[in-house]
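Reproduced below: query08.csv, with CSV, C-alpha atoms (C1' of nucleotides) and all ligand atoms.
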```csv
chain,number,residue,atom,x,y,z
A,1,MET,CA,108.9,182.2,32.6
A,2,SER,CA,111.6,183.9,34.6
A,3,ASP,CA,115.2,184.3,33.7
A,4,LEU,CA,117.7,181.7,35.1
A,5,PRO,CA,121.0,183.4,36.0
A,6,ALA,CA,121.9,182.2,39.4
A,7,LEU,CA,121.7,178.5,38.7
A,8,ALA,CA,123.5,178.1,35.4
A,9,PRO,CA,126.0,175.2,35.2
A,10,ALA,CA,129.8,175.6,35.3
A,11,THR,CA,130.3,174.6,31.7
A,12,LYS,CA,129.9,177.6,29.4
A,13,HIS,CA,126.9,177.3,27.3
A,14,ASN,CA,123.7,179.0,26.4
A,15,HIS,CA,121.7,177.5,29.2
A,16,ALA,CA,118.4,179.3,28.3
A,17,ARG,CA,118.6,177.6,25.0
A,18,CYS,CA,119.6,174.3,26.8
A,19,VAL,CA,116.4,174.4,28.9
A,20,ARG,CA,114.3,175.4,25.9
A,21,ASP,CA,115.6,172.4,23.9
A,22,ALA,CA,114.9,170.1,26.8
A,23,LEU,CA,111.3,171.3,27.1
A,24,ASP,CA,110.8,171.1,23.3
A,25,THR,CA,112.1,167.5,23.3
A,26,ALA,CA,109.8,166.7,26.2
A,27,GLU,CA,106.8,168.1,24.2
A,28,ALA,CA,107.8,166.1,21.2
A,29,VAL,CA,108.4,162.8,23.2
A,30,CYS,CA,105.0,163.2,25.0
A,31,ALA,CA,103.2,164.1,21.8
A,32,ARG,CA,104.6,161.1,20.0
A,33,ARG,CA,103.4,158.8,22.8
A,34,GLY,CA,100.0,160.5,23.5
A,35,ALA,CA,101.2,161.4,27.0
A,36,ARG,CA,100.1,164.6,28.5
A,37,LEU,CA,102.8,167.0,29.5
A,38,THR,CA,100.5,169.1,31.6
A,39,ALA,CA,101.4,172.6,32.9
A,40,LEU,CA,102.4,171.2,36.2
A,41,ARG,CA,104.6,168.5,34.8
A,42,ARG,CA,106.2,170.9,32.4
A,43,HIS,CA,106.8,173.4,35.2
A,44,VAL,CA,108.5,170.7,37.4
A,45,LEU,CA,110.6,169.7,34.4
A,46,GLU,CA,111.6,173.3,33.9
A,47,LEU,CA,112.6,173.7,37.6
A,48,ILE,CA,114.8,170.6,37.3
A,49,TRP,CA,116.5,172.0,34.2
A,50,ARG,CA,117.3,175.3,35.9
A,51,SER,CA,120.6,173.8,36.6
A,52,HIS,CA,122.7,170.9,35.7
A,53,LYS,CA,122.8,169.8,39.3
A,54,ALA,CA,120.6,167.2,40.8
A,55,ILE,CA,117.6,168.8,42.6
A,56,LYS,CA,115.8,167.3,45.6
A,57,ALA,CA,112.1,166.7,45.6
A,58,TYR,CA,111.6,169.1,48.5
A,59,GLU,CA,113.6,171.8,46.8
A,60,ILE,CA,111.2,171.5,43.8
A,61,LEU,CA,108.3,171.6,46.3
A,62,ASP,CA,109.7,174.8,47.9
A,63,GLN,CA,110.1,176.5,44.5
A,64,LEU,CA,106.7,175.5,43.4
A,65,ALA,CA,105.2,176.9,46.6
A,66,GLY,CA,106.9,180.2,45.9
A,67,GLU,CA,105.6,180.3,42.4
A,68,ILE,CA,102.2,178.8,42.2
A,69,GLY,CA,101.1,178.7,45.9
A,70,ALA,CA,100.4,175.6,47.9
A,71,ALA,CA,102.1,172.4,46.8
A,72,ARG,CA,102.2,169.2,48.6
A,73,PRO,CA,104.6,166.3,48.4
A,74,PRO,CA,102.4,164.0,46.3
A,75,THR,CA,102.1,166.7,43.7
A,76,VAL,CA,105.9,166.7,43.2
A,77,TYR,CA,106.4,163.0,43.5
A,78,ARG,CA,103.7,162.3,40.9
A,79,ALA,CA,105.2,164.8,38.5
A,80,LEU,CA,108.6,163.2,39.0
A,81,GLU,CA,107.1,159.7,38.5
A,82,PHE,CA,105.6,160.8,35.2
A,83,LEU,CA,108.8,162.5,34.0
A,84,MET,CA,110.9,159.4,34.9
A,85,ALA,CA,108.4,157.0,33.3
A,86,HIS,CA,108.9,158.9,30.1
A,87,GLY,CA,112.7,159.1,30.4
A,88,LEU,CA,112.7,162.9,30.8
A,89,VAL,CA,114.3,162.8,34.2
A,90,HIS,CA,116.7,160.5,36.0
A,91,ARG,CA,116.8,159.8,39.7
A,92,VAL,CA,120.3,160.0,41.2
A,93,ASP,CA,120.0,157.4,44.0
A,94,SER,CA,123.2,158.3,45.7
A,95,LEU,CA,121.8,161.8,46.3
A,96,ASN,CA,118.1,161.2,46.6
A,97,ALA,CA,117.7,163.7,43.9
A,98,PHE,CA,116.7,164.2,40.3
A,99,VAL,CA,118.3,165.5,37.1
A,100,GLY,CA,117.1,166.2,33.6
A,101,CYS,CA,118.0,163.5,31.1
A,102,ALA,CA,120.6,164.6,28.6
A,103,ASP,CA,119.1,162.5,25.8
A,104,ALA,CA,115.4,162.1,26.3
A,105,SER,CA,114.8,160.9,22.8
A,106,HIS,CA,115.0,157.3,23.9
A,107,ARG,CA,114.7,155.5,27.2
A,108,HIS,CA,118.0,154.4,28.7
A,109,ASP,CA,120.1,153.9,31.8
A,110,ALA,CA,123.2,155.9,31.8
A,111,GLN,CA,126.3,156.7,33.9
A,112,PHE,CA,126.4,159.8,36.0
A,113,PHE,CA,129.5,161.7,36.9
A,114,ILE,CA,128.7,163.7,40.0
A,115,CYS,CA,131.0,166.5,41.2
A,116,ASP,CA,130.9,166.6,45.0
A,117,ALA,CA,132.4,170.1,44.9
A,118,CYS,CA,130.1,172.0,42.6
A,119,GLY,CA,127.2,169.5,42.3
A,120,THR,CA,127.2,169.3,38.6
A,121,VAL,CA,126.0,166.0,37.2
A,122,ARG,CA,127.2,164.9,33.8
A,123,GLU,CA,125.4,162.1,32.1
A,124,ILE,CA,127.0,159.9,29.6
A,125,ASP,CA,126.2,156.5,28.0
A,126,ASP,CA,129.4,154.8,27.5
A,127,VAL,CA,129.1,151.5,25.6
A,128,THR,CA,132.4,150.2,27.0
A,129,ILE,CA,131.1,150.5,30.5
A,130,GLY,CA,127.8,148.9,29.5
A,131,ARG,CA,129.6,146.0,27.8
A,132,ALA,CA,131.9,145.5,30.8
A,133,VAL,CA,128.8,145.3,33.1
A,134,SER,CA,127.1,142.9,30.7
A,135,ARG,CA,130.0,140.6,30.6
A,136,GLY,CA,130.3,140.6,34.4
A,137,ALA,CA,126.6,139.8,34.7
A,138,GLU,CA,126.9,137.0,32.2
A,139,ARG,CA,129.7,135.3,34.2
A,140,LEU,CA,127.4,135.4,37.2
A,141,GLY,CA,124.4,134.1,35.3
A,142,PHE,CA,122.6,137.4,36.2
A,143,GLU,CA,120.1,139.1,34.0
A,144,VAL,CA,120.5,142.9,34.3
A,145,GLU,CA,117.3,144.9,34.0
A,146,ARG,CA,118.4,148.3,35.4
A,147,ARG,CA,121.9,149.7,35.8
A,148,MET,CA,122.6,152.3,38.4
A,149,ILE,CA,126.1,153.7,37.9
A,150,GLU,CA,127.0,156.9,39.7
A,151,LEU,CA,130.6,158.1,40.0
A,152,HIS,CA,131.4,160.7,42.6
A,153,GLY,CA,134.5,162.9,42.5
A,154,ARG,CA,135.6,166.2,41.1
A,155,CYS,CA,134.8,167.5,37.7
A,156,GLY,CA,137.5,169.2,35.5
A,157,SER,CA,136.9,172.7,36.7
A,158,CYS,CA,136.8,171.7,40.4
A,159,GLN,CA,140.1,169.8,40.7
B,160,MET,CA,123.6,133.3,69.5
B,161,SER,CA,120.6,131.8,67.8
B,162,ASP,CA,120.5,129.5,64.7
B,163,LEU,CA,119.9,131.1,61.4
B,164,PRO,CA,117.7,128.9,59.3
B,165,ALA,CA,115.1,131.2,57.8
B,166,LEU,CA,117.3,133.8,56.3
B,167,ALA,CA,119.9,131.7,54.5
B,168,PRO,CA,120.8,132.7,51.0
B,169,ALA,CA,119.7,130.9,47.8
B,170,THR,CA,123.1,129.7,47.0
B,171,LYS,CA,123.9,126.5,48.7
B,172,HIS,CA,126.6,126.9,51.2
B,173,ASN,CA,127.3,126.6,54.8
B,174,HIS,CA,126.0,129.9,56.0
B,175,ALA,CA,126.8,129.5,59.6
B,176,ARG,CA,130.4,129.1,58.6
B,177,CYS,CA,130.0,132.0,56.2
B,178,VAL,CA,128.9,134.3,59.1
B,179,ARG,CA,131.5,133.0,61.4
B,180,ASP,CA,134.2,133.8,58.8
B,181,ALA,CA,132.8,137.3,58.3
B,182,LEU,CA,132.9,137.9,62.0
B,183,ASP,CA,136.4,136.5,62.3
B,184,THR,CA,137.6,138.7,59.5
B,185,ALA,CA,136.0,141.6,61.2
B,186,GLU,CA,137.8,140.9,64.4
B,187,ALA,CA,141.1,140.6,62.6
B,188,VAL,CA,140.6,143.8,60.6
B,189,CYS,CA,139.7,145.8,63.7
B,190,ALA,CA,142.5,144.3,65.7
B,191,ARG,CA,145.0,145.2,63.0
B,192,ARG,CA,143.8,148.8,63.0
B,193,GLY,CA,143.3,149.2,66.7
B,194,ALA,CA,139.6,149.7,66.1
B,195,ARG,CA,137.1,148.5,68.7
B,196,LEU,CA,134.6,145.9,67.4
B,197,THR,CA,132.4,146.3,70.5
B,198,ALA,CA,129.6,143.9,71.4
B,199,LEU,CA,127.1,146.2,69.9
B,200,ARG,CA,128.9,146.6,66.6
B,201,ARG,CA,129.6,142.9,66.4
B,202,HIS,CA,126.0,142.2,67.0
B,203,VAL,CA,124.9,144.5,64.3
B,204,LEU,CA,127.4,143.0,61.9
B,205,GLU,CA,126.0,139.6,62.7
B,206,LEU,CA,122.5,140.7,62.1
B,207,ILE,CA,123.6,142.0,58.7
B,208,TRP,CA,125.2,138.7,57.9
B,209,ARG,CA,122.2,136.7,58.8
B,210,SER,CA,121.4,136.7,55.1
B,211,HIS,CA,123.0,137.7,51.8
B,212,LYS,CA,120.2,140.2,51.3
B,213,ALA,CA,120.6,143.9,52.0
B,214,ILE,CA,119.0,144.8,55.4
B,215,LYS,CA,117.4,148.1,56.3
B,216,ALA,CA,118.5,150.2,59.2
B,217,TYR,CA,115.1,149.9,60.8
B,218,GLU,CA,115.0,146.2,60.4
B,219,ILE,CA,118.3,146.0,62.3
B,220,LEU,CA,116.7,148.3,64.9
B,221,ASP,CA,113.7,146.0,65.3
B,222,GLN,CA,115.8,142.9,65.6
B,223,LEU,CA,118.0,144.6,68.2
B,224,ALA,CA,115.0,145.7,70.1
B,225,GLY,CA,113.8,142.1,70.2
B,226,GLU,CA,117.1,140.9,71.4
B,227,ILE,CA,118.7,143.4,73.7
B,228,GLY,CA,115.8,145.7,74.6
B,229,ALA,CA,115.5,149.3,73.8
B,230,ALA,CA,117.4,150.5,70.7
B,231,ARG,CA,117.2,153.9,69.1
B,232,PRO,CA,118.0,154.9,65.5
B,233,PRO,CA,121.3,156.6,66.4
B,234,THR,CA,122.6,153.4,68.0
B,235,VAL,CA,122.1,151.6,64.7
B,236,TYR,CA,123.3,154.3,62.4
B,237,ARG,CA,126.4,154.8,64.5
B,238,ALA,CA,127.2,151.1,64.4
B,239,LEU,CA,126.7,151.1,60.6
B,240,GLU,CA,128.9,154.1,60.3
B,241,PHE,CA,131.7,152.4,62.1
B,242,LEU,CA,131.2,149.2,60.1
B,243,MET,CA,131.2,151.1,56.8
B,244,ALA,CA,134.2,153.2,57.8
B,245,HIS,CA,136.1,149.9,58.2
B,246,GLY,CA,134.9,148.4,55.0
B,247,LEU,CA,133.0,145.6,56.8
B,248,VAL,CA,129.7,146.7,55.4
B,249,HIS,CA,128.5,148.4,52.2
B,250,ARG,CA,125.6,150.6,51.8
B,251,VAL,CA,123.3,149.8,48.8
B,252,ASP,CA,122.1,153.2,47.9
B,253,SER,CA,119.4,152.1,45.5
B,254,LEU,CA,117.8,150.1,48.4
B,255,ASN,CA,118.6,152.4,51.3
B,256,ALA,CA,120.0,149.2,52.9
B,257,PHE,CA,123.2,147.6,54.0
B,258,VAL,CA,125.0,144.4,53.1
B,259,GLY,CA,128.0,142.6,54.5
B,260,CYS,CA,131.2,143.1,52.5
B,261,ALA,CA,132.3,140.0,50.8
B,262,ASP,CA,136.0,140.9,51.0
B,263,ALA,CA,136.6,143.0,54.1
B,264,SER,CA,140.3,142.5,54.0
B,265,HIS,CA,140.9,145.7,52.1
B,266,ARG,CA,138.8,148.8,51.5
B,267,HIS,CA,137.2,149.0,48.1
B,268,ASP,CA,134.2,150.0,46.1
B,269,ALA,CA,132.6,147.1,44.3
B,270,GLN,CA,129.8,146.3,42.0
B,271,PHE,CA,126.5,144.9,43.4
B,272,PHE,CA,124.2,142.6,41.5
B,273,ILE,CA,120.9,142.8,43.2
B,274,CYS,CA,118.1,140.3,42.5
B,275,ASP,CA,114.8,142.1,42.6
B,276,ALA,CA,113.0,138.7,43.0
B,277,CYS,CA,114.8,137.1,45.9
B,278,GLY,CA,116.7,140.1,47.3
B,279,THR,CA,120.1,138.5,47.2
B,280,VAL,CA,123.0,140.9,46.7
B,281,ARG,CA,126.1,139.5,45.1
B,282,GLU,CA,129.2,141.6,45.3
B,283,ILE,CA,132.0,141.4,42.8
B,284,ASP,CA,135.0,143.6,42.0
B,285,ASP,CA,135.5,143.3,38.3
B,286,VAL,CA,138.6,145.1,37.1
B,287,THR,CA,137.2,145.3,33.6
B,288,ILE,CA,134.2,147.4,34.8
B,289,GLY,CA,136.6,149.5,37.0
B,290,ARG,CA,138.8,150.2,34.0
B,291,ALA,CA,135.9,151.0,31.7
B,292,VAL,CA,134.7,153.6,34.3
B,293,SER,CA,138.2,155.0,34.7
B,294,ARG,CA,138.6,155.5,31.0
B,295,GLY,CA,135.1,157.2,30.7
B,296,ALA,CA,136.1,159.5,33.6
B,297,GLU,CA,139.4,160.3,32.0
B,298,ARG,CA,137.8,161.4,28.7
B,299,LEU,CA,135.6,163.8,30.8
B,300,GLY,CA,138.5,165.1,32.8
B,301,PHE,CA,136.7,163.8,35.9
B,302,GLU,CA,138.5,162.5,38.9
B,303,VAL,CA,136.6,159.6,40.5
B,304,GLU,CA,136.6,159.2,44.2
B,305,ARG,CA,133.7,156.9,44.8
B,306,ARG,CA,132.0,154.4,42.5
B,307,MET,CA,128.4,153.4,43.1
B,308,ILE,CA,127.6,150.6,40.7
B,309,GLU,CA,124.4,148.7,41.4
B,310,LEU,CA,122.8,146.4,38.9
B,311,HIS,CA,119.2,145.3,39.4
B,312,GLY,CA,117.7,142.3,37.7
B,313,ARG,CA,117.3,138.5,38.3
B,314,CYS,CA,119.9,136.2,39.7
B,315,GLY,CA,120.4,132.8,38.1
B,316,SER,CA,118.0,130.9,40.3
B,317,CYS,CA,115.2,133.4,39.9
B,318,GLN,CA,115.0,133.6,36.1
C,319,DC,C1',142.5,154.8,90.9
C,320,DG,C1',142.1,159.2,87.9
C,321,DT,C1',141.7,161.3,83.6
C,322,DG,C1',140.4,162.1,78.9
C,323,DA,C1',138.6,160.1,74.9
C,324,DA,C1',135.5,157.0,72.8
C,325,DT,C1',131.2,154.9,73.0
C,326,DT,C1',126.5,154.5,74.0
C,327,DG,C1',121.8,156.3,75.6
C,328,DT,C1',118.1,159.5,75.0
C,329,DT,C1',115.1,163.0,73.2
C,330,DA,C1',113.8,165.5,69.6
C,331,DT,C1',113.6,166.6,65.0
C,332,DA,C1',114.9,166.7,60.0
C,333,DT,C1',114.5,164.6,55.5
C,334,DT,C1',112.4,161.7,52.1
C,335,DA,C1',108.4,159.3,50.4
C,336,DT,C1',103.7,157.1,50.3
C,337,DT,C1',98.7,156.0,51.3
C,338,DA,C1',94.1,157.0,51.0
C,339,DC,C1',90.5,159.4,49.7
C,340,DA,C1',88.2,163.7,47.7
C,341,DT,C1',87.8,166.8,43.8
C,342,DA,C1',88.3,168.5,39.3
C,343,DG,C1',89.1,168.3,34.2
C,344,DC,C1',88.4,166.2,29.9
C,345,DG,C1',87.2,163.2,26.0
C,346,DT,C1',83.6,160.0,24.3
C,347,DC,C1',79.2,157.9,23.5
C,348,DC,C1',74.5,158.4,23.1
D,349,DG,C1',74.1,168.6,25.7
D,350,DG,C1',74.5,165.3,29.6
D,351,DA,C1',76.1,161.0,31.7
D,352,DC,C1',79.9,158.3,32.1
D,353,DG,C1',84.7,156.9,32.7
D,354,DC,C1',89.3,158.0,32.9
D,355,DT,C1',93.2,160.8,34.1
D,356,DA,C1',95.1,164.3,36.8
D,357,DT,C1',95.4,167.1,40.8
D,358,DG,C1',94.3,168.5,45.8
D,359,DT,C1',94.6,167.4,50.6
D,360,DA,C1',95.5,165.3,55.1
D,361,DA,C1',97.7,162.1,57.4
D,362,DT,C1',101.4,159.1,58.1
D,363,DA,C1',105.4,156.0,57.0
D,364,DA,C1',110.2,155.4,56.3
D,365,DT,C1',114.9,157.0,56.5
D,366,DA,C1',118.4,159.7,58.9
D,367,DT,C1',120.6,163.2,61.9
D,368,DA,C1',121.4,166.8,65.8
D,369,DA,C1',122.3,167.8,70.3
D,370,DC,C1',123.5,166.7,74.7
D,371,DA,C1',123.9,163.5,78.8
D,372,DA,C1',125.7,159.3,80.8
D,373,DT,C1',128.7,155.6,80.7
D,374,DT,C1',132.7,152.8,79.7
D,375,DC,C1',137.4,152.0,78.7
D,376,DA,C1',142.3,152.5,77.7
D,377,DC,C1',146.2,154.3,79.6
D,378,DG,C1',149.2,156.2,82.7
E,1,ZN,ZN,122.5,173.8,30.2
E,2,ZN,ZN,119.4,160.2,30.3
E,3,ZN,ZN,126.5,132.9,53.4
E,4,ZN,ZN,133.0,144.7,49.6
```

Represent the supplied structure as structure tokens.
Amino acid sequence: MSDLPALAPATKHNHARCVRDALDTAEAVCARRGARLTALRRHVLELIWRSHKAIKAYEILDQLAGEIGAARPPTVYRALEFLMAHGLVHRVDSLNAFVGCADASHRHDAQFFICDACGTVREIDDVTIGRAVSRGAERLGFEVERRMIELHGRCGSCQ
Amino acid sequence: MSDLPALAPATKHNHARCVRDALDTAEAVCARRGARLTALRRHVLELIWRSHKAIKAYEILDQLAGEIGAARPPTVYRALEFLMAHGLVHRVDSLNAFVGCADASHRHDAQFFICDACGTVREIDDVTIGRAVSRGAERLGFEVERRMIELHGRCGSCQ
DNA sequence: CGTGAATTGTTATATTATTACATAGCGTCC
DNA sequence: GGACGCTATGTAATAATATAACAATTCACG
């Protein structure tokens, strides 16, 4: 595994450690469920975690091609499908892109704060927002199954 | 203009009237701003309003082709761009599709409740949800510029 | 009318994602 | 160990979504 200097996030933290933790959690989650975190899937997850930005499927594809030779779209999309199914990665619909889940220990929807200046995606799960949505849904007689909440703007360091 | 029976929404209402109102509002909004609601743009808006479902750009394209002859993607995407710029249409990112704005009198983000069974999209603008998001953002020091809030599930009649 | 700006037409291409089928790996039963 | 069945991966083709670049037309305004 190579070093990861160029793509580190804006927030100051030990990102190598941050990635290692994410991969360890992924191993644990998959082990617990009898799911196979294969070399390929693990590699894709690692690429996603190289930054706290959302990464596009074809960027993953290009990086894979540079590292392990030929890679085709289905390879990437299948890995992403697996990682999303196990809650290790979220899809950011407003960007057609993917980001590592900040709390992969349990499946969840979350809210994403996306800085349009630096690209950093910050995931939180705010119960107040969740409750507000639930009450709105209730008034409409609507049964919510999946929440997609993505807020675009400027993060603290980019204002 | 043809009749609109097949695509009427689940909720019982006078949909012909509903469409007419939407077009009238659009005329008014554009007049007020000196924007030109050309025949093409008006036609696209009307196609979008034929149902309360989100419609895909290429569905619009197909319908235009059937009605006025050749139509190319840029034609549709440009009309959509105009309609969105003037708040007459919203894009539903989680569907790559477009829906008529339920309250085009003023520009806004809103929340969309999307029934995955019947496809109906219900737009509301719930201040409670907006406030919850604002407070979440404030705690992160994040400045929100655009809110994408799309809730998938089942509407009342599809449960 | 003449002019410039906005709109639309047209061709090509970029970007994102899936289908369909072939091959390879891997655990289990006998 | 070998046959079987399941999961994962490889590969080719194509579908679905969106934009770029430039030409032709239309339209408001003077
Ligand atoms: Zn990190
Ligand atoms: Zn998450
Ligand atoms: Zn209606
Ligand atoms: Zn609206």

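Proximity of B:Leu239, B:Val251, B:Ala185, B:Val178 to chain A, computed with only C-alpha atoms, is greatest for B:Val251.
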
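Between atom CA of A:Arg50 and atom CA of A:Leu37 the interatomic distance comes to 17.9 Å.
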
Spatial neighbours of C:DC347, 12 Å, only C-alpha atoms (C1' of nucleotides), chain gap at least 6 places, as a PDB file with C-alpha atoms (C1' of nucleotides), in the coordinates of the input:
```pdb
ATOM      1  C1'  DG D 350      74.500 165.300  29.600  1.00  0.00           C
ATOM      2  C1'  DA D 351      76.100 161.000  31.700  1.00  0.00           C
ATOM      3  C1'  DC D 352      79.900 158.300  32.100  1.00  0.00           C
ATOM      4  C1'  DG D 353      84.700 156.900  32.700  1.00  0.00           C
TER       5       DG D 353
END
```

Which protein, DNA or RNA residues have an atom within 9 Å of ligand ZN 1 (chain E), counting all atoms listed in the file, as a list of chain:residue names? A:Ala8, A:Pro9, A:Thr11, A:Lys12, A:His13, A:Asn14, A:His15, A:Ala16, A:Arg17, A:Cys18, A:Val19, A:Trp49, A:Arg50, A:Ser51, A:His52

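Within 9 Å of chain B, counting all atoms listed in the file, chain C contributes DT326, DG327 and DT328 of chain C.
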
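Distance-wise, atom CA of B:Gln318 and atom ZN of ligand ZN 3 (chain E) end up 20.8 Å apart.
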
Neighbours of ligand ZN 4 (chain E) at 7 Å or closer, counting all atoms listed in the file: which residues, as a ChimeraX atom specification? /B:246,248-249,260-263,267-269,282

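Atom CA of B:Ser264 sits 23.2 Å away from atom CA of A:His152.
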